[in-house]
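A.B. asks: Can you keep this structure in mind? I'll have questions shortly.
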Amino acid sequence: MKIKISPSILSCDFAHMGEEFARMQKCGADWLHIDVMDGHFVPNLTLGAPIVKALRPHASIPFDVHLMISNPLQYVPDFLKAGADIITFHIESDSPVEETIALIRAGGAVPALSLKPKTPAEAVFPYLDRLGMVLVMTVEPGFGGQSFMPEMLPKVEAIRREADRRNLPIDIQVDGGISEKTVAAAAGAGANVFVAGSAVFGATDAAQMIASLRSLAQKEG
Ligand code: DX5
Ligand code: ZN
């Protein structure tokens with residue numbers, strides 16, 4: 001599977017988001033990871049579809065929208081209209097999983113399902129053939145800058161094994177604590193899409209950091 005680096009804009013300069021999006025594209029980001037939080041599913045609030053829509057003209061690479069909200073089904077149409085390319089929602093949310101996947105796909109975006117650390121790999125197996133991606137959270141969702149949980153790697157391995165067994169070429173994304181220290185282990189377990197917030201935005205040279213994460217993942221994956 002192709003390696004993709006998706007900088008999490010949770011760590012960008014919120015006063016200059018348009019410029020930050022354009023800068024990440026120039027630095028070689030494959031996707032832009034946009035963390036949407038509702039203060040209910042997770043104890044933090046970020047941004048909604050109007051802001052995603054306003055940012056759309058500032059970059060042409062795919063918008064990878066991670067919905068950490070209680071009722072994704074209700075908001076999927078707004079994010080489709082705002083220009084989301086990949087829409088990830090949580091299996092632990094209150095929305096019906098199959099209906100939400102179908103709505104995302106019908107709107108022309110790639111549906112993805114995410115698992116919080118305590119949710120087992122097997123929970124996504126019934127939906128694997130309808131998904132473009134599975135996101136394995138490697139921290140508890142809600143905040144950037146947390147430490148990577150290596151105990152999530154067997155979950156990545158189990159999902160990759162099941163996808164391979166069924167010949168499903170899906171992306172597996174990891175999100176939380178991805179850095180030059182952790183990316184190789186995640187790639188070795190079978191992940192191919194890497195979200196990195198503090199590692200990329202905290203680097204003195206973001207382009208160099210993106211290139212380094214990519215090459216470390218490529219060596220392992
Ligand atoms: C956490 C978010 C992540 C976060 C990652 O709930 O889903 O995307 O921004 O940040 P880092 O890379 O700093 O752990
Ligand atoms: Zn995220």
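We label chains A, B, ... in the order they appear in the structure tokens, count residues from 1 in each chain, and number ligands from 1 in the order shown.
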Please identify every polymer residue within 9 Å of ligand 1, using only C-alpha atoms and all ligand atoms, and present the set as a PDB file with N, CA and C atoms, in the first residue's frame.
C.D. replies:
```pdb
ATOM      1  N   PRO A   7      -0.591  15.463   7.721  1.00  0.00           N
ATOM      2  CA  PRO A   7      -0.366  16.320   8.896  1.00  0.00           C
ATOM      3  C   PRO A   7      -1.689  16.724   9.559  1.00  0.00           C
ATOM      4  N   SER A   8      -1.735  16.586  10.882  1.00  0.00           N
ATOM      5  CA  SER A   8      -2.943  16.976  11.617  1.00  0.00           C
ATOM      6  C   SER A   8      -2.895  18.470  11.885  1.00  0.00           C
ATOM      7  N   ILE A   9      -3.902  19.167  11.366  1.00  0.00           N
ATOM      8  CA  ILE A   9      -3.915  20.625  11.461  1.00  0.00           C
ATOM      9  C   ILE A   9      -4.300  21.109  12.869  1.00  0.00           C
ATOM     10  N   LEU A  10      -4.541  20.140  13.761  1.00  0.00           N
ATOM     11  CA  LEU A  10      -4.803  20.505  15.159  1.00  0.00           C
ATOM     12  C   LEU A  10      -3.609  21.258  15.759  1.00  0.00           C
ATOM     13  N   SER A  11      -2.422  21.005  15.214  1.00  0.00           N
ATOM     14  CA  SER A  11      -1.228  21.660  15.742  1.00  0.00           C
ATOM     15  C   SER A  11      -0.777  22.850  14.898  1.00  0.00           C
ATOM     16  N   HIS A  33      -5.071  16.277   7.467  1.00  0.00           N
ATOM     17  CA  HIS A  33      -5.932  15.631   8.467  1.00  0.00           C
ATOM     18  C   HIS A  33      -6.613  16.713   9.306  1.00  0.00           C
ATOM     19  N   ILE A  34      -7.947  16.735   9.232  1.00  0.00           N
ATOM     20  CA  ILE A  34      -8.718  17.796   9.888  1.00  0.00           C
ATOM     21  C   ILE A  34      -9.527  17.180  11.031  1.00  0.00           C
ATOM     22  N   ASP A  35      -9.163  17.528  12.256  1.00  0.00           N
ATOM     23  CA  ASP A  35      -9.789  16.944  13.444  1.00  0.00           C
ATOM     24  C   ASP A  35     -11.008  17.750  13.869  1.00  0.00           C
ATOM     25  N   VAL A  36     -12.170  17.117  13.765  1.00  0.00           N
ATOM     26  CA  VAL A  36     -13.434  17.769  14.132  1.00  0.00           C
ATOM     27  C   VAL A  36     -13.902  17.181  15.463  1.00  0.00           C
ATOM     28  N   MET A  37     -14.038  18.032  16.472  1.00  0.00           N
ATOM     29  CA  MET A  37     -14.434  17.568  17.823  1.00  0.00           C
ATOM     30  C   MET A  37     -15.617  18.388  18.298  1.00  0.00           C
ATOM     31  N   VAL A  42     -15.701  13.752  22.548  1.00  0.00           N
ATOM     32  CA  VAL A  42     -14.394  13.949  23.186  1.00  0.00           C
ATOM     33  C   VAL A  42     -14.450  15.265  23.968  1.00  0.00           C
ATOM     34  N   ASN A  44     -13.188  18.096  23.989  1.00  0.00           N
ATOM     35  CA  ASN A  44     -12.501  19.220  23.343  1.00  0.00           C
ATOM     36  C   ASN A  44     -13.361  19.658  22.166  1.00  0.00           C
ATOM     37  N   HIS A  66     -11.506  13.828  10.133  1.00  0.00           N
ATOM     38  CA  HIS A  66     -11.657  12.871  11.241  1.00  0.00           C
ATOM     39  C   HIS A  66     -12.717  13.403  12.194  1.00  0.00           C
ATOM     40  N   LEU A  67     -13.901  12.795  12.127  1.00  0.00           N
ATOM     41  CA  LEU A  67     -15.022  13.265  12.942  1.00  0.00           C
ATOM     42  C   LEU A  67     -15.001  12.592  14.314  1.00  0.00           C
ATOM     43  N   MET A  68     -14.688  13.370  15.339  1.00  0.00           N
ATOM     44  CA  MET A  68     -14.776  12.864  16.716  1.00  0.00           C
ATOM     45  C   MET A  68     -16.008  13.523  17.315  1.00  0.00           C
ATOM     46  N   MET A 137      -6.721   4.458  16.357  1.00  0.00           N
ATOM     47  CA  MET A 137      -6.213   5.533  17.220  1.00  0.00           C
ATOM     48  C   MET A 137      -5.080   4.984  18.082  1.00  0.00           C
ATOM     49  N   THR A 138      -3.956   5.700  18.086  1.00  0.00           N
ATOM     50  CA  THR A 138      -2.815   5.268  18.895  1.00  0.00           C
ATOM     51  C   THR A 138      -2.638   6.181  20.118  1.00  0.00           C
ATOM     52  N   VAL A 139      -3.683   6.986  20.392  1.00  0.00           N
ATOM     53  CA  VAL A 139      -3.847   7.723  21.665  1.00  0.00           C
ATOM     54  C   VAL A 139      -5.357   7.784  21.898  1.00  0.00           C
ATOM     55  N   GLU A 140      -5.769   8.191  23.103  1.00  0.00           N
ATOM     56  CA  GLU A 140      -7.198   8.474  23.314  1.00  0.00           C
ATOM     57  C   GLU A 140      -7.518   9.745  22.535  1.00  0.00           C
ATOM     58  N   PRO A 141      -8.570   9.736  21.688  1.00  0.00           N
ATOM     59  CA  PRO A 141      -8.848  10.928  20.898  1.00  0.00           C
ATOM     60  C   PRO A 141      -9.206  12.134  21.774  1.00  0.00           C
ATOM     61  N   GLY A 142      -8.873  13.305  21.267  1.00  0.00           N
ATOM     62  CA  GLY A 142      -9.238  14.534  21.974  1.00  0.00           C
ATOM     63  C   GLY A 142      -8.176  15.618  21.930  1.00  0.00           C
ATOM     64  N   PHE A 143      -6.920  15.205  21.965  1.00  0.00           N
ATOM     65  CA  PHE A 143      -5.857  16.206  22.052  1.00  0.00           C
ATOM     66  C   PHE A 143      -4.618  15.784  21.264  1.00  0.00           C
ATOM     67  N   GLY A 144      -3.918  16.768  20.742  1.00  0.00           N
ATOM     68  CA  GLY A 144      -2.638  16.511  20.096  1.00  0.00           C
ATOM     69  C   GLY A 144      -1.553  16.389  21.152  1.00  0.00           C
ATOM     70  N   GLY A 145      -0.380  15.933  20.729  1.00  0.00           N
ATOM     71  CA  GLY A 145       0.787  15.948  21.602  1.00  0.00           C
ATOM     72  C   GLY A 145       0.834  14.863  22.664  1.00  0.00           C
ATOM     73  N   GLN A 146       0.020  13.803  22.534  1.00  0.00           N
ATOM     74  CA  GLN A 146       0.055  12.718  23.523  1.00  0.00           C
ATOM     75  C   GLN A 146       1.062  11.629  23.089  1.00  0.00           C
ATOM     76  N   SER A 147       1.359  10.723  24.014  1.00  0.00           N
ATOM     77  CA  SER A 147       2.334   9.666  23.708  1.00  0.00           C
ATOM     78  C   SER A 147       1.689   8.496  22.972  1.00  0.00           C
ATOM     79  N   PHE A 148       2.392   8.020  21.970  1.00  0.00           N
ATOM     80  CA  PHE A 148       2.013   6.849  21.164  1.00  0.00           C
ATOM     81  C   PHE A 148       1.817   5.619  22.070  1.00  0.00           C
ATOM     82  N   VAL A 174      -2.882   5.395  11.191  1.00  0.00           N
ATOM     83  CA  VAL A 174      -2.634   5.524  12.626  1.00  0.00           C
ATOM     84  C   VAL A 174      -2.571   7.003  12.971  1.00  0.00           C
ATOM     85  N   ASP A 175      -3.083   7.334  14.149  1.00  0.00           N
ATOM     86  CA  ASP A 175      -3.241   8.743  14.542  1.00  0.00           C
ATOM     87  C   ASP A 175      -2.977   8.876  16.036  1.00  0.00           C
ATOM     88  N   GLY A 176      -1.950   9.670  16.361  1.00  0.00           N
ATOM     89  CA  GLY A 176      -1.627   9.938  17.756  1.00  0.00           C
ATOM     90  C   GLY A 176      -0.210   9.535  18.092  1.00  0.00           C
ATOM     91  N   GLY A 177       0.626  10.532  18.380  1.00  0.00           N
ATOM     92  CA  GLY A 177       1.993  10.247  18.799  1.00  0.00           C
ATOM     93  C   GLY A 177       2.896   9.723  17.700  1.00  0.00           C
ATOM     94  N   ILE A 178       2.534   9.963  16.442  1.00  0.00           N
ATOM     95  CA  ILE A 178       3.400   9.499  15.345  1.00  0.00           C
ATOM     96  C   ILE A 178       4.566  10.489  15.175  1.00  0.00           C
ATOM     97  N   SER A 179       5.769   9.936  15.188  1.00  0.00           N
ATOM     98  CA  SER A 179       6.979  10.753  15.086  1.00  0.00           C
ATOM     99  C   SER A 179       8.065   9.899  14.432  1.00  0.00           C
ATOM    100  N   PHE A 194      -0.160   7.880   7.817  1.00  0.00           N
ATOM    101  CA  PHE A 194       0.355   8.346   9.096  1.00  0.00           C
ATOM    102  C   PHE A 194      -0.067   9.788   9.346  1.00  0.00           C
ATOM    103  N   VAL A 195      -0.846   9.961  10.416  1.00  0.00           N
ATOM    104  CA  VAL A 195      -1.236  11.305  10.843  1.00  0.00           C
ATOM    105  C   VAL A 195      -0.129  11.795  11.773  1.00  0.00           C
ATOM    106  N   ALA A 196       0.298  13.034  11.569  1.00  0.00           N
ATOM    107  CA  ALA A 196       1.302  13.580  12.494  1.00  0.00           C
ATOM    108  C   ALA A 196       1.022  15.062  12.682  1.00  0.00           C
ATOM    109  N   GLY A 197       0.709  15.427  13.908  1.00  0.00           N
ATOM    110  CA  GLY A 197       0.420  16.819  14.243  1.00  0.00           C
ATOM    111  C   GLY A 197       1.630  17.504  14.814  1.00  0.00           C
ATOM    112  N   SER A 198       1.937  17.220  16.087  1.00  0.00           N
ATOM    113  CA  SER A 198       3.044  17.932  16.723  1.00  0.00           C
ATOM    114  C   SER A 198       4.376  17.641  16.048  1.00  0.00           C
ATOM    115  N   ALA A 199       4.572  16.421  15.520  1.00  0.00           N
ATOM    116  CA  ALA A 199       5.856  16.106  14.874  1.00  0.00           C
ATOM    117  C   ALA A 199       6.100  17.018  13.669  1.00  0.00           C
ATOM    118  N   VAL A 200       5.071  17.241  12.856  1.00  0.00           N
ATOM    119  CA  VAL A 200       5.257  18.045  11.636  1.00  0.00           C
ATOM    120  C   VAL A 200       5.248  19.537  11.954  1.00  0.00           C
ATOM    121  N   PHE A 201       4.237  19.985  12.717  1.00  0.00           N
ATOM    122  CA  PHE A 201       4.131  21.424  12.975  1.00  0.00           C
ATOM    123  C   PHE A 201       5.167  21.900  13.989  1.00  0.00           C
ATOM    124  N   GLY A 202       5.700  20.991  14.803  1.00  0.00           N
ATOM    125  CA  GLY A 202       6.718  21.372  15.772  1.00  0.00           C
ATOM    126  C   GLY A 202       8.122  21.316  15.195  1.00  0.00           C
TER     127      GLY A 202
END
```
A.B. asks: Would you kindly return, as a PyMOL selection string, each protein, DNA or RNA residue with an atom no farther than 12 Å from any atom of Val76 (chain A), considering only C-alpha atoms and excluding same-chain residues fewer than 2 positions away?
C.D. replies: chain A and resi 36+48-49+65-67+69+71-74+78-89+95+99-111
A.B. asks: Which residues are near Ala121 (chain A)? Cut-off 9 Å, only C-alpha atoms, ignore same chain within fewer than 2 positions. Put them as a list of chain:residue names.
C.D. replies: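 Result of the neighbour search: A:Leu115, A:Thr119, A:Ala123, A:Val124, A:Phe125, A:Val136, A:Pro154, A:Lys155, A:Val156, A:Ala158, A:Ile159.
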A.B. asks: Applying 7 Å and only C-alpha atoms, which residues near Met133 (chain A) remain after dropping the ones on its own chain fewer than 6 positions away? List them as JSON, numbers by chain.
C.D. replies: {"A": [111, 112, 113, 170, 171, 172]}
A.B. asks: For region 54-56 of chain A, list every protein, DNA or RNA residue within 8 Å, evaluated using only C-alpha atoms, and leave out those in the same chain fewer than 4 positions away; present the list as a ChimeraX atom specification.
C.D. replies: /A:17-18,21,50,60,82-83
A.B. asks: Hey, can you spit out that residue selection with all heavy atoms as a short mmCIF file (atom, residue, chain, number, x, y, z; two decimals), in the first residue's frame?
C.D. replies:
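Result file follows (result_17.cif):
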```
data_model
loop_
_atom_site.label_atom_id
_atom_site.label_comp_id
_atom_site.auth_asym_id
_atom_site.auth_seq_id
_atom_site.Cartn_x
_atom_site.Cartn_y
_atom_site.Cartn_z
N MET A 17 -4.80 29.67 9.16
CA MET A 17 -5.03 28.30 8.67
C MET A 17 -4.89 28.15 7.17
O MET A 17 -4.37 27.16 6.68
CB MET A 17 -6.40 27.80 9.12
CG MET A 17 -6.42 27.47 10.59
SD MET A 17 -7.99 26.77 11.08
CE MET A 17 -7.70 25.06 10.74
N GLY A 18 -5.37 29.13 6.42
CA GLY A 18 -5.26 29.04 4.96
C GLY A 18 -3.81 28.90 4.53
O GLY A 18 -3.45 28.02 3.74
N PHE A 21 -2.40 25.47 5.44
CA PHE A 21 -2.80 24.41 4.52
C PHE A 21 -1.93 24.45 3.26
O PHE A 21 -1.44 23.42 2.79
CB PHE A 21 -4.29 24.57 4.15
CG PHE A 21 -5.24 23.90 5.11
CD1 PHE A 21 -5.11 24.08 6.48
CD2 PHE A 21 -6.26 23.09 4.65
CE1 PHE A 21 -5.98 23.46 7.38
CE2 PHE A 21 -7.13 22.45 5.53
CZ PHE A 21 -6.99 22.64 6.89
N PRO A 50 -18.27 24.78 8.16
CA PRO A 50 -18.05 26.08 7.50
C PRO A 50 -16.57 26.45 7.39
O PRO A 50 -16.15 27.06 6.41
CB PRO A 50 -18.79 27.08 8.41
CG PRO A 50 -19.81 26.25 9.12
CD PRO A 50 -19.18 24.89 9.31
N SER A 60 -5.07 21.80 -2.70
CA SER A 60 -5.78 20.90 -3.62
C SER A 60 -5.63 19.43 -3.23
O SER A 60 -6.29 18.56 -3.79
CB SER A 60 -5.29 21.13 -5.05
OG SER A 60 -3.89 20.92 -5.10
N ALA A 82 -18.70 20.68 2.05
CA ALA A 82 -17.53 21.52 2.37
C ALA A 82 -16.29 21.08 1.60
O ALA A 82 -15.28 21.79 1.59
CB ALA A 82 -17.27 21.48 3.87
N GLY A 83 -16.33 19.87 0.99
CA GLY A 83 -15.18 19.44 0.19
C GLY A 83 -14.33 18.37 0.82
O GLY A 83 -13.17 18.19 0.42
#
```
A.B. asks: From the DSSP assignment of the backbone, select every residue of region 31-206 of chain A that is strand (DSSP E), and format the answer as a VMD selection string.
C.D. replies: chain A and resid 32 to 37 63 to 68 86 to 90 110 to 115 133 to 137 171 to 175 193 to 196
A.B. asks: Would you compute the distance between CA of Ala186 (chain A) and CA of Gln173 (chain A)? Give it in Å to one decimal.
C.D. replies: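 Result for CA of Ala186 (chain A) versus CA of Gln173 (chain A): 9.2 Å, one decimal.
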A.B. asks: Would you mind telling me which residue in A:Val193, A:Pro120, A:Thr182, A:Glu157 lies nearest to ligand 2 when using only C-alpha atoms and all ligand atoms?
C.D. replies: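 Of all the options, A:Val193 lies closest to ligand 2.
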